[in-house]
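Student: Okay, handing you the structure first.
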Amino acid sequence: HGQAAHNPRAEAARENGCSFETFLQLMTEDDQFDSALTELGVNQAIEAGRQERVRHALRNVEMVVSSPLSRALRTADLVHPLSSDDATEGNSSKLPRRVCIEDFREINGKLLNAQRRPRSDLEGKFPHWCFEHIPDSDESWTEEKLESREACSDRGYSGLLWIMQQREDNVLLVCHGGLLGYTMNHHSNVVLLDGRSVHSEKERCITKRFGNCELREFVITVWEPSAKDEQTNGLNGQPVITLEEVSMD
């Protein structure tokens with residue numbers, strides 16, 4: 001998603017090599033409930049959607065999936081907007097469906113920016129989205145502590161499995177850098193591969209955290225591990241998801 005209200009100082013400090021504790025403290029000081037996009041964040045999303053390579057990559061999108069946090073939903077609508085004709089009543093069957101999935105919310109707990117709005121509020125703000133997959137109220141957020149890396153990566157993994165169970169092949173996912181970082185780099189059943197063919201893209205490590213409105217393209221496959229795989233690699237009997245990053249042609 002684009003830059004949100006709790007991001008500017010914390011992001012600047014992280015770029016300068018601050019500790020996680022300092023990063024979290026700055027986020028706490030600038031915290032806001034369901035933190036909205038800043039003006040810069042709105043512009044980042046609009047400009048990302050205007051880039052030729054992004055427009056090309058999104059031309060065949062069949063489904064848009066988002067976190068239930070407003071900054072991700074708004075970013076998705078700005079990067080891949082509905083046209084005035086598309087928004088006409090009775091034309092919705094021709095559109096990529098837009099689905100909100102609870103598993104793709106940011107690292108949960110403690111911070112207000114990780115707390116989401118009730119489903120009825122989201123339905124009012126984003127009427128062209130489907131919210132049937134999220135509870136009526138935010139049942140998982142707690143002010144006591146931040147969600148663990150393991151729990152967060154498990155959510156991201158479950159969300160990816162949900163995507164793979166859908167009928168659509170080409171999916172745009174808009175969510176959060178923390179969640180994606182934990183899911184891609186720390187879940188035992190997620191394998192990250194580098195299939196990029198453009199040399200300039202290879203200068204960025206595939207494990208690097210996503211930047212604001214940064215779009216990456218992946219080919220996703222799911223396979224069932226054998227007993228030998230489970231024993232050798234310490235897998236837990238669950239399907240393995242392979243994320244192969246490819247160049248956006």
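Residues are named by chain letter and number: chains run A, B, ... in the order of the structure tokens, numbers start at 1 in each chain, and ligands are numbered from 1 in the order shown.
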Counting only C-alpha atoms, give me one row per residue of segment 139-168 of chain A with an atom at most 12 Å from an atom of segment 64-71 of chain A, showing the shortest contact pair and its distance in Å to one decimal, sorted by chain then residue number, as a Markdown table.

Tutor:
```
| residue | atom | partner | partner_atom | distance |
| --- | --- | --- | --- | --- |
| A:Arg155 | CA | A:Ser67 | CA | 11.5 |
| A:Gly156 | CA | A:Ser67 | CA | 10.5 |
| A:Gly159 | CA | A:Val65 | CA | 9.8 |
| A:Leu160 | CA | A:Val65 | CA | 10.4 |
| A:Trp162 | CA | A:Val65 | CA | 10.6 |
| A:Ile163 | CA | A:Val65 | CA | 8.5 |
| A:Gln166 | CA | A:Val65 | CA | 11.3 |
| A:Glu168 | CA | A:Val64 | CA | 9.9 |
```

Student: Need to verify the contact set: segment 96-105 of chain A, 10 Å, only C-alpha atoms, exclusion of same-chain residues closer than 6 positions in sequence. Can you return it as a VMD selection string?

Tutor: chain A and resid 60 to 69 72 to 73 76 to 77 80 82 114 to 116 122 128 to 135 138 140 152 to 160 162 to 163 168 170 to 176 178 to 180

Student: Among the residues of segment 156-197 of chain A, find those DSSP assigns to strand (DSSP E or B) from the backbone and print them as a ChimeraX atom specification.

Tutor: /A:171-174,190-194

Student: Go ahead and write the selection's residues with N, CA, C and O atoms as a PDB file, in the first residue's frame.

Tutor:
```pdb
ATOM      1  N   VAL A 171      -4.125 -12.683 -10.244  1.00  0.00           N
ATOM      2  CA  VAL A 171      -4.636 -12.026  -9.041  1.00  0.00           C
ATOM      3  C   VAL A 171      -3.720 -10.872  -8.646  1.00  0.00           C
ATOM      4  O   VAL A 171      -2.495 -11.008  -8.640  1.00  0.00           O
ATOM      5  N   LEU A 172      -4.334  -9.733  -8.302  1.00  0.00           N
ATOM      6  CA  LEU A 172      -3.606  -8.607  -7.719  1.00  0.00           C
ATOM      7  C   LEU A 172      -3.864  -8.629  -6.216  1.00  0.00           C
ATOM      8  O   LEU A 172      -5.013  -8.578  -5.776  1.00  0.00           O
ATOM      9  N   LEU A 173      -2.797  -8.721  -5.415  1.00  0.00           N
ATOM     10  CA  LEU A 173      -2.901  -8.714  -3.959  1.00  0.00           C
ATOM     11  C   LEU A 173      -2.306  -7.418  -3.426  1.00  0.00           C
ATOM     12  O   LEU A 173      -1.163  -7.078  -3.731  1.00  0.00           O
ATOM     13  N   VAL A 174      -3.082  -6.704  -2.612  1.00  0.00           N
ATOM     14  CA  VAL A 174      -2.604  -5.473  -1.979  1.00  0.00           C
ATOM     15  C   VAL A 174      -2.697  -5.656  -0.469  1.00  0.00           C
ATOM     16  O   VAL A 174      -3.792  -5.836   0.071  1.00  0.00           O
ATOM     17  N   VAL A 190       6.715 -22.010   2.917  1.00  0.00           N
ATOM     18  CA  VAL A 190       6.756 -21.063   1.802  1.00  0.00           C
ATOM     19  C   VAL A 190       8.183 -21.016   1.266  1.00  0.00           C
ATOM     20  O   VAL A 190       9.132 -20.768   2.025  1.00  0.00           O
ATOM     21  N   VAL A 191       8.333 -21.269  -0.025  1.00  0.00           N
ATOM     22  CA  VAL A 191       9.640 -21.277  -0.675  1.00  0.00           C
ATOM     23  C   VAL A 191       9.705 -20.107  -1.648  1.00  0.00           C
ATOM     24  O   VAL A 191       8.838 -19.975  -2.527  1.00  0.00           O
ATOM     25  N   LEU A 192      10.705 -19.266  -1.492  1.00  0.00           N
ATOM     26  CA  LEU A 192      10.875 -18.088  -2.344  1.00  0.00           C
ATOM     27  C   LEU A 192      11.982 -18.353  -3.351  1.00  0.00           C
ATOM     28  O   LEU A 192      13.094 -18.729  -2.982  1.00  0.00           O
ATOM     29  N   LEU A 193      11.664 -18.169  -4.648  1.00  0.00           N
ATOM     30  CA  LEU A 193      12.625 -18.415  -5.725  1.00  0.00           C
ATOM     31  C   LEU A 193      12.798 -17.163  -6.571  1.00  0.00           C
ATOM     32  O   LEU A 193      11.885 -16.342  -6.682  1.00  0.00           O
ATOM     33  N   ASP A 194      13.950 -17.038  -7.199  1.00  0.00           N
ATOM     34  CA  ASP A 194      14.241 -15.896  -8.076  1.00  0.00           C
ATOM     35  C   ASP A 194      14.243 -16.361  -9.523  1.00  0.00           C
ATOM     36  O   ASP A 194      15.160 -17.026  -9.981  1.00  0.00           O
TER      37      ASP A 194
END
```

Student: Which residue out of A:Gly41, A:Pro225, A:Gly17, A:Gly195 has the minimum interatomic distance to Gln3 of chain A when only C-alpha atoms are used?

Tutor: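 Smallest distance to Gln3 of chain A is found for A:Gly41.
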
Student: Go through A:Glu245, A:Glu21, A:Glu123, A:Glu201 one by one, measure the shortest atom-to-atom distance of each to Phe218 of chain A using only C-alpha atoms, and give the residue with the smallest value.

Tutor: A:Glu245

Student: Can you pull out the residues contacting Glu29 of chain A? Cut-off 10 Å, using only C-alpha atoms, and skip same-chain residues under 3 positions away; I want them as an MDAnalysis selection string.

Tutor: chainID A and resid 6 9:10 24:26 32 111

Student: Please run DSSP on the backbone and report, as a PyMOL selection string, all residues within segment 34-174 of chain A that come out as helix (DSSP H, G or I).

Tutor: chain A and resi 39-50+52-57+70-79+92-94+102-104+112-114+119-125+149-164

Student: Find the residues around Arg74 of chain A up to 9 Å (only C-alpha atoms counted), leave out those fewer than 4 positions away in its own chain, and share them as a PyMOL selection string.

Tutor: chain A and resi 1-2+36-37+42+45+69-70+78-79+126

Student: Can you tell me how far atom CA of Val222 of chain A sits from atom CA of Val240 of chain A, in Å to one decimal?

Tutor: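 So the two atoms, atom CA of Val222 of chain A and atom CA of Val240 of chain A, lie 5.6 Å apart.
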
Student: Could you check the closest approach to Thr75 of chain A for each of A:Met164, A:Leu58, A:His186, A:Gln44 and tell me which residue wins, using only C-alpha atoms?

Tutor: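 Nearest to Thr75 of chain A: A:Gln44.
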